[in-house]
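Colleague: One structure, pasted below without further comment.
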Amino acid sequence: MKAANTMQVRQHNKTVIRQAMLCLRQATRPQLAQTTGLSQVTVSAVLAELMEKGEVESCGSVPSEGGRPSACYRYRGERHNAGVLYTYQMEGRTLVQLEVFDLFGDRVDRDSQFLGDLRPESFDALLDAAFQETPGIRTLALGVPGQVEGDKILFCDHRALAGDSLSRRWKGRYHVPVLLENDINAAVLGYVQGLPGEVAGLTAGIYFPGRFGPGMGLALGRSPWPGRQGFVGEFHYLCGLDQWNGMDHGNPAAVEETAARYLRAVCVMAGPERVVLYGDIFRPGSEEAIRQKVERTFYNAYGLQLEVRRDMGPDYSAGMKALALRQLKHTLFGTAWEEE
């Protein structure tokens, strides 16, 4: 039991120092001791282990107060990278965006293509180039317009992507773990991460692509809330919410009325604190028009916090980045990282 406890303490200390180094990027032993609350003896032992593994390297020395210069150490976060791909509709076409982030969260590569109907092999050219140009990609994450459970896409607007053939293809081709995520779930995660202060209650995000039907994601506080088997927001299963595809998307009044119809259902069933609507089909002024339509239904008693964002890309990217970096750290450091 004592040995097990000692190992747990050592693992905890290593995780704490690793987290501090990722935040500071480079630091001296006294700085790490002050930041983590650990003794300099413990810090020195952990740094020696991380240097032996190649995670940390010496980067000279810096002046200290009234004494000899202190040795400085740098975390080598650029050695490990996460590849992120996500698809969404832009001007009626399917855009595939590729981004590569290092362990610090810095973007080190970016590329994109407009593609037609997506198939598992559609991403090969982008990924092959990324792996050739950026060494050290240790994990891949893909955002898709569909219902996701683990390695499987249960339903997808791009039907050829359904099933587990894509994750099997990437694992066999690139030999890295693969994370799949629903597009709007990732965007809502990115949205709530950008909100200031404490984020309480539910946040709902609804994506209205022009080509496909709407989908919704929920976040509880700052964490995704996909529900059982990712069923949250899969509107296509419901009767009575099927007007989107047959609607005139060029008619702003029709777009706003239909969006309000979806939003009323969400407010009644989930009661979110705040809602963000995504879609380049919305016009300036749509936000207030939709809010008023919903509030009139509820006799102005709801107090809807509503925002419309025409471009889902920035929130989508932020959410996929967060998920990919969490997967990368799990791949490199195991469950101990998540437990801290």
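Residues in the structure tokens are numbered from 1 in each chain, the chains being A, B, ... in the order shown, and ligands are numbered from 1 in the order shown.
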Check stretch 209-294 of chain A with DSSP on the backbone and list each residue it calls helix (DSSP H, G or I), as a PDB file with N, CA and C atoms, in the first residue's frame.

Modeller:
```pdb
ATOM      1  N   ARG A 228     -27.682  10.598 -24.292  1.00  0.00           N
ATOM      2  CA  ARG A 228     -27.452   9.186 -24.570  1.00  0.00           C
ATOM      3  C   ARG A 228     -27.173   8.971 -26.060  1.00  0.00           C
ATOM      4  N   GLN A 229     -26.024   8.346 -26.343  1.00  0.00           N
ATOM      5  CA  GLN A 229     -25.617   8.001 -27.711  1.00  0.00           C
ATOM      6  C   GLN A 229     -25.657   9.206 -28.647  1.00  0.00           C
ATOM      7  N   GLY A 230     -25.462  10.393 -28.092  1.00  0.00           N
ATOM      8  CA  GLY A 230     -25.403  11.591 -28.917  1.00  0.00           C
ATOM      9  C   GLY A 230     -26.721  12.011 -29.526  1.00  0.00           C
ATOM     10  N   PHE A 235     -32.744  16.591 -34.658  1.00  0.00           N
ATOM     11  CA  PHE A 235     -34.119  16.973 -34.978  1.00  0.00           C
ATOM     12  C   PHE A 235     -34.752  16.116 -36.064  1.00  0.00           C
ATOM     13  N   HIS A 236     -33.927  15.495 -36.898  1.00  0.00           N
ATOM     14  CA  HIS A 236     -34.473  14.759 -38.040  1.00  0.00           C
ATOM     15  C   HIS A 236     -35.327  13.565 -37.608  1.00  0.00           C
ATOM     16  N   TYR A 237     -35.181  13.151 -36.323  1.00  0.00           N
ATOM     17  CA  TYR A 237     -36.009  12.052 -35.827  1.00  0.00           C
ATOM     18  C   TYR A 237     -37.429  12.501 -35.476  1.00  0.00           C
ATOM     19  N   PRO A 252     -36.086  35.863 -46.057  1.00  0.00           N
ATOM     20  CA  PRO A 252     -35.677  36.097 -44.658  1.00  0.00           C
ATOM     21  C   PRO A 252     -36.801  35.876 -43.660  1.00  0.00           C
ATOM     22  N   ALA A 253     -38.025  36.276 -43.992  1.00  0.00           N
ATOM     23  CA  ALA A 253     -39.142  36.107 -43.059  1.00  0.00           C
ATOM     24  C   ALA A 253     -39.414  34.623 -42.811  1.00  0.00           C
ATOM     25  N   ALA A 254     -39.342  33.802 -43.875  1.00  0.00           N
ATOM     26  CA  ALA A 254     -39.570  32.366 -43.723  1.00  0.00           C
ATOM     27  C   ALA A 254     -38.458  31.727 -42.899  1.00  0.00           C
ATOM     28  N   VAL A 255     -37.214  32.160 -43.128  1.00  0.00           N
ATOM     29  CA  VAL A 255     -36.081  31.643 -42.350  1.00  0.00           C
ATOM     30  C   VAL A 255     -36.264  31.949 -40.876  1.00  0.00           C
ATOM     31  N   GLU A 256     -36.636  33.170 -40.560  1.00  0.00           N
ATOM     32  CA  GLU A 256     -36.785  33.582 -39.163  1.00  0.00           C
ATOM     33  C   GLU A 256     -37.952  32.869 -38.481  1.00  0.00           C
ATOM     34  N   GLU A 257     -39.056  32.698 -39.200  1.00  0.00           N
ATOM     35  CA  GLU A 257     -40.206  32.016 -38.613  1.00  0.00           C
ATOM     36  C   GLU A 257     -39.893  30.547 -38.342  1.00  0.00           C
ATOM     37  N   THR A 258     -39.202  29.898 -39.265  1.00  0.00           N
ATOM     38  CA  THR A 258     -38.862  28.485 -39.078  1.00  0.00           C
ATOM     39  C   THR A 258     -37.829  28.322 -37.970  1.00  0.00           C
ATOM     40  N   ALA A 259     -36.846  29.221 -37.920  1.00  0.00           N
ATOM     41  CA  ALA A 259     -35.856  29.162 -36.841  1.00  0.00           C
ATOM     42  C   ALA A 259     -36.535  29.350 -35.491  1.00  0.00           C
ATOM     43  N   ALA A 260     -37.499  30.268 -35.422  1.00  0.00           N
ATOM     44  CA  ALA A 260     -38.236  30.490 -34.178  1.00  0.00           C
ATOM     45  C   ALA A 260     -39.024  29.248 -33.779  1.00  0.00           C
ATOM     46  N   ARG A 261     -39.527  28.519 -34.764  1.00  0.00           N
ATOM     47  CA  ARG A 261     -40.289  27.302 -34.480  1.00  0.00           C
ATOM     48  C   ARG A 261     -39.393  26.247 -33.806  1.00  0.00           C
ATOM     49  N   TYR A 262     -38.210  26.064 -34.344  1.00  0.00           N
ATOM     50  CA  TYR A 262     -37.260  25.149 -33.706  1.00  0.00           C
ATOM     51  C   TYR A 262     -36.912  25.627 -32.299  1.00  0.00           C
ATOM     52  N   LEU A 263     -36.684  26.926 -32.174  1.00  0.00           N
ATOM     53  CA  LEU A 263     -36.239  27.473 -30.905  1.00  0.00           C
ATOM     54  C   LEU A 263     -37.314  27.358 -29.830  1.00  0.00           C
ATOM     55  N   ARG A 264     -38.586  27.534 -30.197  1.00  0.00           N
ATOM     56  CA  ARG A 264     -39.663  27.348 -29.220  1.00  0.00           C
ATOM     57  C   ARG A 264     -39.638  25.936 -28.653  1.00  0.00           C
ATOM     58  N   ALA A 265     -39.453  24.947 -29.531  1.00  0.00           N
ATOM     59  CA  ALA A 265     -39.420  23.554 -29.085  1.00  0.00           C
ATOM     60  C   ALA A 265     -38.250  23.320 -28.124  1.00  0.00           C
ATOM     61  N   VAL A 266     -37.101  23.913 -28.432  1.00  0.00           N
ATOM     62  CA  VAL A 266     -35.932  23.759 -27.575  1.00  0.00           C
ATOM     63  C   VAL A 266     -36.179  24.392 -26.208  1.00  0.00           C
ATOM     64  N   CYS A 267     -36.771  25.574 -26.195  1.00  0.00           N
ATOM     65  CA  CYS A 267     -37.030  26.253 -24.926  1.00  0.00           C
ATOM     66  C   CYS A 267     -37.994  25.453 -24.054  1.00  0.00           C
ATOM     67  N   VAL A 268     -39.015  24.858 -24.667  1.00  0.00           N
ATOM     68  CA  VAL A 268     -39.991  24.086 -23.894  1.00  0.00           C
ATOM     69  C   VAL A 268     -39.375  22.793 -23.368  1.00  0.00           C
ATOM     70  N   MET A 269     -38.578  22.121 -24.192  1.00  0.00           N
ATOM     71  CA  MET A 269     -38.049  20.810 -23.817  1.00  0.00           C
ATOM     72  C   MET A 269     -36.798  20.899 -22.932  1.00  0.00           C
ATOM     73  N   SER A 286     -31.964  39.578 -37.801  1.00  0.00           N
ATOM     74  CA  SER A 286     -32.644  38.298 -37.559  1.00  0.00           C
ATOM     75  C   SER A 286     -32.689  37.970 -36.073  1.00  0.00           C
ATOM     76  N   GLU A 287     -31.643  38.323 -35.363  1.00  0.00           N
ATOM     77  CA  GLU A 287     -31.559  38.000 -33.935  1.00  0.00           C
ATOM     78  C   GLU A 287     -32.756  38.558 -33.171  1.00  0.00           C
ATOM     79  N   GLU A 288     -33.041  39.847 -33.353  1.00  0.00           N
ATOM     80  CA  GLU A 288     -34.135  40.461 -32.619  1.00  0.00           C
ATOM     81  C   GLU A 288     -35.488  39.981 -33.127  1.00  0.00           C
ATOM     82  N   ALA A 289     -35.607  39.766 -34.443  1.00  0.00           N
ATOM     83  CA  ALA A 289     -36.879  39.285 -34.999  1.00  0.00           C
ATOM     84  C   ALA A 289     -37.226  37.905 -34.444  1.00  0.00           C
ATOM     85  N   ILE A 290     -36.249  37.011 -34.371  1.00  0.00           N
ATOM     86  CA  ILE A 290     -36.496  35.661 -33.854  1.00  0.00           C
ATOM     87  C   ILE A 290     -36.789  35.708 -32.362  1.00  0.00           C
ATOM     88  N   ARG A 291     -36.033  36.518 -31.650  1.00  0.00           N
ATOM     89  CA  ARG A 291     -36.254  36.622 -30.202  1.00  0.00           C
ATOM     90  C   ARG A 291     -37.669  37.089 -29.893  1.00  0.00           C
ATOM     91  N   GLN A 292     -38.154  38.070 -30.623  1.00  0.00           N
ATOM     92  CA  GLN A 292     -39.503  38.581 -30.387  1.00  0.00           C
ATOM     93  C   GLN A 292     -40.566  37.527 -30.698  1.00  0.00           C
ATOM     94  N   LYS A 293     -40.357  36.774 -31.768  1.00  0.00           N
ATOM     95  CA  LYS A 293     -41.327  35.716 -32.114  1.00  0.00           C
ATOM     96  C   LYS A 293     -41.419  34.688 -30.994  1.00  0.00           C
ATOM     97  N   VAL A 294     -40.275  34.304 -30.439  1.00  0.00           N
ATOM     98  CA  VAL A 294     -40.272  33.308 -29.376  1.00  0.00           C
ATOM     99  C   VAL A 294     -40.892  33.882 -28.108  1.00  0.00           C
TER     100      VAL A 294
END
```

Colleague: Pick out the residues sitting within 7 Å of stretch 211-213 of chain A, and hand them over as an mmCIF file with C-alpha atoms, in the first residue's frame; count only C-alpha atoms, and ignore anything fewer than 2 positions along from it in its own chain.

Modeller:
```cif
data_model
loop_
_atom_site.group_PDB
_atom_site.id
_atom_site.type_symbol
_atom_site.label_atom_id
_atom_site.label_comp_id
_atom_site.auth_asym_id
_atom_site.auth_seq_id
_atom_site.Cartn_x
_atom_site.Cartn_y
_atom_site.Cartn_z
ATOM 1 C CA GLY A 92 -23.898 26.239 -50.050
ATOM 2 C CA ASP A 157 -25.573 14.215 -43.660
ATOM 3 C CA PHE A 208 -28.946 26.076 -39.685
ATOM 4 C CA PRO A 209 -26.965 25.011 -42.765
ATOM 5 C CA GLY A 215 -28.989 20.248 -35.565
ATOM 6 C CA TRP A 244 -36.367 23.359 -43.219
ATOM 7 C CA ASN A 245 -35.470 21.499 -46.406
#
```

Colleague: Which residue is closest to A:Pro69? Choose from A:Thr28, A:Gln132, A:Ser112, A:Gln97 and count only C-alpha atoms.

Modeller: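 Looking only at the distances to A:Pro69, the closest residue turns out to be A:Thr28.
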
Colleague: With a distance cut-off of 12 Å and only C-alpha atoms, select the neighbouring residues of A:Gly194, excluding the residue or stretch itself and same-chain residues fewer than 4 positions from it, and output the selection as an MDAnalysis selection string.

Modeller: chainID A and resid 187:190 198:199 221:222 314:319 322

Colleague: Keeping only N, CA and C atoms, take the residues you just selected and write them out as a compact mmCIF listing (two decimals), in the first residue's frame.

Modeller:
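Final output, saved to out23.txt:
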```txt
# COMPACT_ATOMS: atom_id res chain seq x y z
N ALA A 187 -19.00 23.18 -31.70
CA ALA A 187 -19.15 24.64 -31.78
C ALA A 187 -19.67 25.22 -30.47
N VAL A 188 -20.65 24.54 -29.84
CA VAL A 188 -21.18 25.03 -28.57
C VAL A 188 -20.10 24.99 -27.50
N LEU A 189 -19.27 23.94 -27.51
CA LEU A 189 -18.15 23.89 -26.57
C LEU A 189 -17.23 25.09 -26.77
N GLY A 190 -16.91 25.40 -28.02
CA GLY A 190 -16.07 26.56 -28.30
C GLY A 190 -16.74 27.86 -27.88
N GLU A 198 -18.44 33.16 -14.87
CA GLU A 198 -19.05 31.86 -14.62
C GLU A 198 -20.15 31.60 -15.63
N VAL A 199 -20.20 30.38 -16.15
CA VAL A 199 -21.24 29.99 -17.11
C VAL A 199 -22.13 28.97 -16.43
N GLY A 221 -22.89 24.23 -18.22
CA GLY A 221 -21.73 24.99 -17.80
C GLY A 221 -20.78 25.13 -18.97
N ARG A 222 -19.56 24.65 -18.81
CA ARG A 222 -18.58 24.70 -19.90
C ARG A 222 -18.28 23.31 -20.46
N PRO A 314 -15.25 30.02 -36.22
CA PRO A 314 -14.38 30.29 -35.07
C PRO A 314 -14.73 29.45 -33.84
N ASP A 315 -16.01 29.34 -33.51
CA ASP A 315 -16.41 28.52 -32.35
C ASP A 315 -16.16 27.04 -32.61
N TYR A 316 -16.44 26.60 -33.82
CA TYR A 316 -16.20 25.21 -34.22
C TYR A 316 -14.73 24.86 -34.05
N SER A 317 -13.85 25.75 -34.56
CA SER A 317 -12.41 25.53 -34.44
C SER A 317 -11.97 25.47 -32.98
N ALA A 318 -12.48 26.41 -32.15
CA ALA A 318 -12.09 26.45 -30.74
C ALA A 318 -12.53 25.18 -30.01
N GLY A 319 -13.73 24.70 -30.31
CA GLY A 319 -14.21 23.48 -29.67
C GLY A 319 -13.44 22.25 -30.10
N ALA A 322 -10.01 22.25 -28.45
CA ALA A 322 -10.06 21.83 -27.05
C ALA A 322 -10.18 20.32 -26.93
```

Colleague: Which residue is closest to A:Ala141? Choose from A:Arg68, A:Arg93, A:Lys171, A:His249 and count only C-alpha atoms.

Modeller: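 Under the stated criterion, the closest residue is A:Lys171.
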
Colleague: Please provide the set of residues having any atom within 9 Å of A:Leu47, restricted to only C-alpha atoms, with same-chain residues fewer than 5 positions apart removed, written as a PyMOL selection string.

Modeller: chain A and resi 14+17+29+42+52+56-57+73

Colleague: Give me, as a PyMOL selection string, all polymer residues having an atom no more than 10 Å from A:Gly116, counting only C-alpha atoms and skipping those fewer than 3 positions away in the same chain.

Modeller: chain A and resi 93-96+113+119+122+158

Colleague: Can you work out which one of A:Met312, A:Ala20, A:Leu103, A:Ala129 has the shortest atom-to-atom distance to A:Thr87, counting only C-alpha atoms?

Modeller: A:Met312

Colleague: Considering only C-alpha atoms, tabulate each residue of stretch 51-86 of chain A that lies at most 8 Å from stretch 324-332 of chain A along with its nearest interatomic pair and the corresponding distance in Å to one decimal; arrange the rows by chain and ascending residue number and present them as CSV.

Modeller:
```
residue,atom,partner,partner_atom,distance
A:Asn81,CA,A:Leu328,CA,7.5
A:Ala82,CA,A:Ala324,CA,6.1
A:Gly83,CA,A:Ala324,CA,7.5
A:Val84,CA,A:Ala324,CA,6.8
```

Colleague: Closest to A:Val148 among A:Ala125, A:Val192, A:Ala162, A:Leu277, using only C-alpha atoms?

Modeller: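 Comparing A:Ala125, A:Val192, A:Ala162, A:Leu277 against A:Val148, the winner is A:Ala162.
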
Colleague: So, with only C-alpha atoms as the atoms that count, which of A:Ala27, A:Ala270, A:Ala200, A:Leu22 lies closest to A:Asp106?

Modeller: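 Closest to A:Asp106, using only C-alpha atoms: A:Leu22.
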
Colleague: What gap, in Å, lies between atom CA of A:Gly279 and atom CA of A:Gly210?

Modeller: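 The value is 7.6 Å.
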
Colleague: Taking only C-alpha atoms into account, name the residue in A:Gly285, A:Gly227, A:Pro272, A:Pro135 that is nearest to A:Leu202.

Modeller: A:Pro272

Colleague: Please return as a short mmCIF file (atom, residue, chain, number, x, y, z; two decimals) with N, CA and C atoms, in the first residue's frame: the residues of stretch 41-257 of chain A that backbone DSSP assigns to strand (DSSP E).

Modeller:
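So out09.cif came out as:
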```
data_model
loop_
_atom_site.label_atom_id
_atom_site.label_comp_id
_atom_site.auth_asym_id
_atom_site.auth_seq_id
_atom_site.Cartn_x
_atom_site.Cartn_y
_atom_site.Cartn_z
N VAL A 56 11.56 17.81 -21.55
CA VAL A 56 12.11 19.08 -21.08
C VAL A 56 13.57 19.16 -21.49
N GLU A 57 14.04 20.37 -21.81
CA GLU A 57 15.45 20.56 -22.11
C GLU A 57 15.95 21.81 -21.41
N SER A 58 17.25 21.85 -21.16
CA SER A 58 17.87 23.02 -20.57
C SER A 58 17.95 24.13 -21.61
N CYS A 59 17.70 25.36 -21.18
CA CYS A 59 17.76 26.49 -22.13
C CYS A 59 18.57 27.64 -21.54
N GLY A 60 19.71 27.30 -20.91
CA GLY A 60 20.60 28.32 -20.37
C GLY A 60 20.26 28.69 -18.95
N SER A 61 20.52 29.93 -18.60
CA SER A 61 20.29 30.40 -17.23
C SER A 61 19.75 31.82 -17.27
N VAL A 62 19.15 32.21 -16.15
CA VAL A 62 18.61 33.56 -16.02
C VAL A 62 19.12 34.14 -14.70
N SER A 70 20.16 31.19 -12.19
CA SER A 70 19.38 29.96 -12.07
C SER A 70 19.25 29.28 -13.42
N ALA A 71 19.44 27.96 -13.42
CA ALA A 71 19.25 27.19 -14.65
C ALA A 71 17.79 27.28 -15.10
N CYS A 72 17.61 27.42 -16.40
CA CYS A 72 16.26 27.56 -16.95
C CYS A 72 15.95 26.32 -17.80
N TYR A 73 14.69 25.91 -17.76
CA TYR A 73 14.26 24.70 -18.46
C TYR A 73 13.07 25.03 -19.36
N ARG A 74 13.04 24.40 -20.53
CA ARG A 74 11.99 24.65 -21.52
C ARG A 74 11.23 23.36 -21.82
N TYR A 75 9.89 23.45 -21.81
CA TYR A 75 9.10 22.29 -22.18
C TYR A 75 9.03 22.21 -23.71
N ASN A 81 1.84 16.95 -31.66
CA ASN A 81 0.81 17.75 -32.33
C ASN A 81 -0.49 16.97 -32.47
N ALA A 82 -1.58 17.72 -32.60
CA ALA A 82 -2.91 17.14 -32.84
C ALA A 82 -3.45 17.68 -34.15
N GLY A 83 -3.89 16.77 -35.01
CA GLY A 83 -4.52 17.17 -36.27
C GLY A 83 -6.02 17.28 -36.10
N VAL A 84 -6.60 18.37 -36.58
CA VAL A 84 -8.03 18.64 -36.45
C VAL A 84 -8.62 18.89 -37.83
N LEU A 85 -9.67 18.16 -38.16
CA LEU A 85 -10.43 18.44 -39.38
C LEU A 85 -11.88 18.66 -38.98
N TYR A 86 -12.53 19.60 -39.64
CA TYR A 86 -13.96 19.79 -39.40
C TYR A 86 -14.61 20.28 -40.69
N THR A 87 -15.85 19.85 -40.88
CA THR A 87 -16.58 20.17 -42.10
C THR A 87 -17.79 21.01 -41.75
N TYR A 88 -18.06 22.00 -42.59
CA TYR A 88 -19.30 22.77 -42.44
C TYR A 88 -19.65 23.44 -43.75
N GLN A 89 -20.87 23.94 -43.81
CA GLN A 89 -21.40 24.53 -45.03
C GLN A 89 -21.04 26.02 -45.10
N MET A 90 -20.50 26.41 -46.25
CA MET A 90 -20.19 27.81 -46.49
C MET A 90 -20.65 28.16 -47.90
N ARG A 93 -21.68 25.25 -50.06
CA ARG A 93 -20.70 24.21 -50.37
C ARG A 93 -20.10 23.64 -49.09
N THR A 94 -19.53 22.44 -49.20
CA THR A 94 -18.93 21.79 -48.03
C THR A 94 -17.45 22.15 -47.94
N LEU A 95 -17.11 22.86 -46.87
CA LEU A 95 -15.72 23.23 -46.62
C LEU A 95 -15.12 22.25 -45.63
N VAL A 96 -13.95 21.72 -45.95
CA VAL A 96 -13.18 20.89 -45.04
C VAL A 96 -11.98 21.69 -44.59
N GLN A 97 -11.92 21.96 -43.29
CA GLN A 97 -10.84 22.76 -42.72
C GLN A 97 -9.89 21.85 -41.95
N LEU A 98 -8.61 21.98 -42.20
CA LEU A 98 -7.57 21.24 -41.48
C LEU A 98 -6.74 22.22 -40.66
N GLU A 99 -6.53 21.89 -39.38
CA GLU A 99 -5.63 22.66 -38.53
C GLU A 99 -4.79 21.69 -37.71
N VAL A 100 -3.55 22.06 -37.45
CA VAL A 100 -2.66 21.27 -36.62
C VAL A 100 -2.19 22.15 -35.46
N PHE A 101 -2.37 21.65 -34.23
CA PHE A 101 -1.97 22.39 -33.03
C PHE A 101 -0.91 21.60 -32.28
N ASP A 102 0.07 22.33 -31.72
CA ASP A 102 1.05 21.66 -30.88
C ASP A 102 0.51 21.56 -29.45
N ARG A 107 -1.29 27.00 -33.18
CA ARG A 107 -1.55 26.42 -34.49
C ARG A 107 -0.29 26.47 -35.33
N VAL A 108 0.11 25.31 -35.86
CA VAL A 108 1.35 25.22 -36.62
C VAL A 108 1.11 24.92 -38.10
N ASP A 109 -0.12 24.60 -38.47
CA ASP A 109 -0.42 24.33 -39.88
C ASP A 109 -1.91 24.55 -40.10
N ARG A 110 -2.26 24.95 -41.32
CA ARG A 110 -3.68 25.15 -41.66
C ARG A 110 -3.84 24.99 -43.15
N ASP A 111 -4.92 24.34 -43.55
CA ASP A 111 -5.24 24.15 -44.97
C ASP A 111 -6.74 23.91 -45.07
N SER A 112 -7.29 24.07 -46.25
CA SER A 112 -8.73 23.84 -46.43
C SER A 112 -9.02 23.52 -47.89
N GLN A 113 -10.14 22.84 -48.08
CA GLN A 113 -10.62 22.51 -49.43
C GLN A 113 -12.14 22.50 -49.43
N PHE A 114 -12.71 22.93 -50.56
CA PHE A 114 -14.13 22.71 -50.79
C PHE A 114 -14.28 21.37 -51.50
N LEU A 115 -15.10 20.49 -50.94
CA LEU A 115 -15.29 19.16 -51.50
C LEU A 115 -16.76 18.90 -51.74
N ILE A 137 2.51 14.37 -35.32
CA ILE A 137 1.06 14.35 -35.13
C ILE A 137 0.70 13.05 -34.44
N ARG A 138 0.17 13.15 -33.21
CA ARG A 138 -0.07 11.98 -32.37
C ARG A 138 -1.54 11.61 -32.24
N THR A 139 -2.42 12.46 -32.73
CA THR A 139 -3.84 12.15 -32.64
C THR A 139 -4.59 12.94 -33.70
N LEU A 140 -5.75 12.45 -34.11
CA LEU A 140 -6.60 13.12 -35.08
C LEU A 140 -8.00 13.29 -34.52
N ALA A 141 -8.62 14.43 -34.83
CA ALA A 141 -9.99 14.69 -34.42
C ALA A 141 -10.77 15.19 -35.63
N LEU A 142 -12.00 14.70 -35.79
CA LEU A 142 -12.84 15.09 -36.92
C LEU A 142 -14.20 15.54 -36.42
N GLY A 143 -14.63 16.71 -36.88
CA GLY A 143 -15.97 17.19 -36.61
C GLY A 143 -16.85 16.96 -37.83
N VAL A 144 -18.00 16.33 -37.63
CA VAL A 144 -18.88 15.97 -38.74
C VAL A 144 -20.33 16.36 -38.44
N GLY A 146 -23.26 14.98 -37.94
CA GLY A 146 -23.91 13.69 -37.73
C GLY A 146 -23.91 13.30 -36.28
N GLN A 147 -24.56 12.19 -36.03
CA GLN A 147 -24.69 11.64 -34.68
C GLN A 147 -23.53 10.68 -34.44
N VAL A 148 -22.78 10.92 -33.39
CA VAL A 148 -21.53 10.20 -33.15
C VAL A 148 -21.61 9.45 -31.83
N GLU A 149 -21.10 8.22 -31.84
CA GLU A 149 -20.93 7.46 -30.61
C GLU A 149 -19.60 6.72 -30.70
N LYS A 152 -17.88 5.37 -34.02
CA LYS A 152 -18.88 5.21 -35.07
C LYS A 152 -19.67 6.49 -35.31
N ILE A 153 -19.99 6.71 -36.56
CA ILE A 153 -20.91 7.77 -36.95
C ILE A 153 -22.25 7.09 -37.22
N LEU A 154 -23.21 7.30 -36.32
CA LEU A 154 -24.49 6.60 -36.42
C LEU A 154 -25.36 7.17 -37.54
N PHE A 155 -25.29 8.46 -37.72
CA PHE A 155 -26.04 9.13 -38.78
C PHE A 155 -25.21 10.30 -39.25
N CYS A 156 -25.23 10.58 -40.56
CA CYS A 156 -24.44 11.68 -41.08
C CYS A 156 -25.11 12.26 -42.32
N VAL A 178 -8.10 8.24 -32.96
CA VAL A 178 -9.03 9.08 -33.73
C VAL A 178 -10.21 9.45 -32.84
N LEU A 179 -10.54 10.72 -32.82
CA LEU A 179 -11.68 11.23 -32.07
C LEU A 179 -12.69 11.79 -33.05
N LEU A 180 -13.95 11.37 -32.92
CA LEU A 180 -15.03 11.90 -33.74
C LEU A 180 -15.96 12.74 -32.88
N GLU A 181 -16.45 13.86 -33.43
CA GLU A 181 -17.36 14.72 -32.69
C GLU A 181 -18.38 15.34 -33.63
N ASN A 182 -19.59 15.50 -33.12
CA ASN A 182 -20.65 16.20 -33.84
C ASN A 182 -20.29 17.68 -34.01
N LEU A 202 -27.74 25.62 -18.82
CA LEU A 202 -27.60 25.07 -20.16
C LEU A 202 -27.41 26.17 -21.21
N THR A 203 -26.54 25.87 -22.17
CA THR A 203 -26.39 26.69 -23.37
C THR A 203 -26.77 25.83 -24.56
N ALA A 204 -27.63 26.34 -25.41
CA ALA A 204 -28.03 25.61 -26.62
C ALA A 204 -27.48 26.32 -27.85
N GLY A 205 -26.95 25.55 -28.77
CA GLY A 205 -26.52 26.08 -30.05
C GLY A 205 -27.24 25.33 -31.16
N ILE A 206 -27.81 26.04 -32.11
CA ILE A 206 -28.52 25.41 -33.23
C ILE A 206 -27.88 25.88 -34.52
N TYR A 207 -27.51 24.93 -35.34
CA TYR A 207 -26.85 25.21 -36.62
C TYR A 207 -27.86 25.04 -37.74
N GLY A 215 -29.36 21.11 -36.67
CA GLY A 215 -28.99 20.25 -35.56
C GLY A 215 -28.64 21.11 -34.37
N MET A 216 -28.72 20.52 -33.17
CA MET A 216 -28.49 21.27 -31.95
C MET A 216 -27.46 20.59 -31.07
N GLY A 217 -26.72 21.39 -30.33
CA GLY A 217 -25.82 20.91 -29.29
C GLY A 217 -26.12 21.62 -27.99
N LEU A 218 -25.88 20.94 -26.87
CA LEU A 218 -26.06 21.53 -25.55
C LEU A 218 -24.76 21.49 -24.78
N ALA A 219 -24.56 22.49 -23.94
CA ALA A 219 -23.44 22.49 -23.00
C ALA A 219 -24.00 22.80 -21.62
N LEU A 220 -23.57 22.04 -20.63
CA LEU A 220 -23.93 22.29 -19.24
C LEU A 220 -22.73 22.96 -18.58
N SER A 223 -19.16 22.34 -20.20
CA SER A 223 -18.94 20.97 -20.68
C SER A 223 -20.04 20.56 -21.64
N PRO A 224 -19.70 19.79 -22.71
CA PRO A 224 -20.73 19.32 -23.65
C PRO A 224 -21.73 18.41 -22.95
#
```

Colleague: Go ahead and compute the interatomic distance for atom CA of A:Ile281 and atom CA of A:Glu295, in Å to one decimal.

Modeller: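 One can read the atom CA of A:Ile281 to atom CA of A:Glu295 distance as 21.8 Å.
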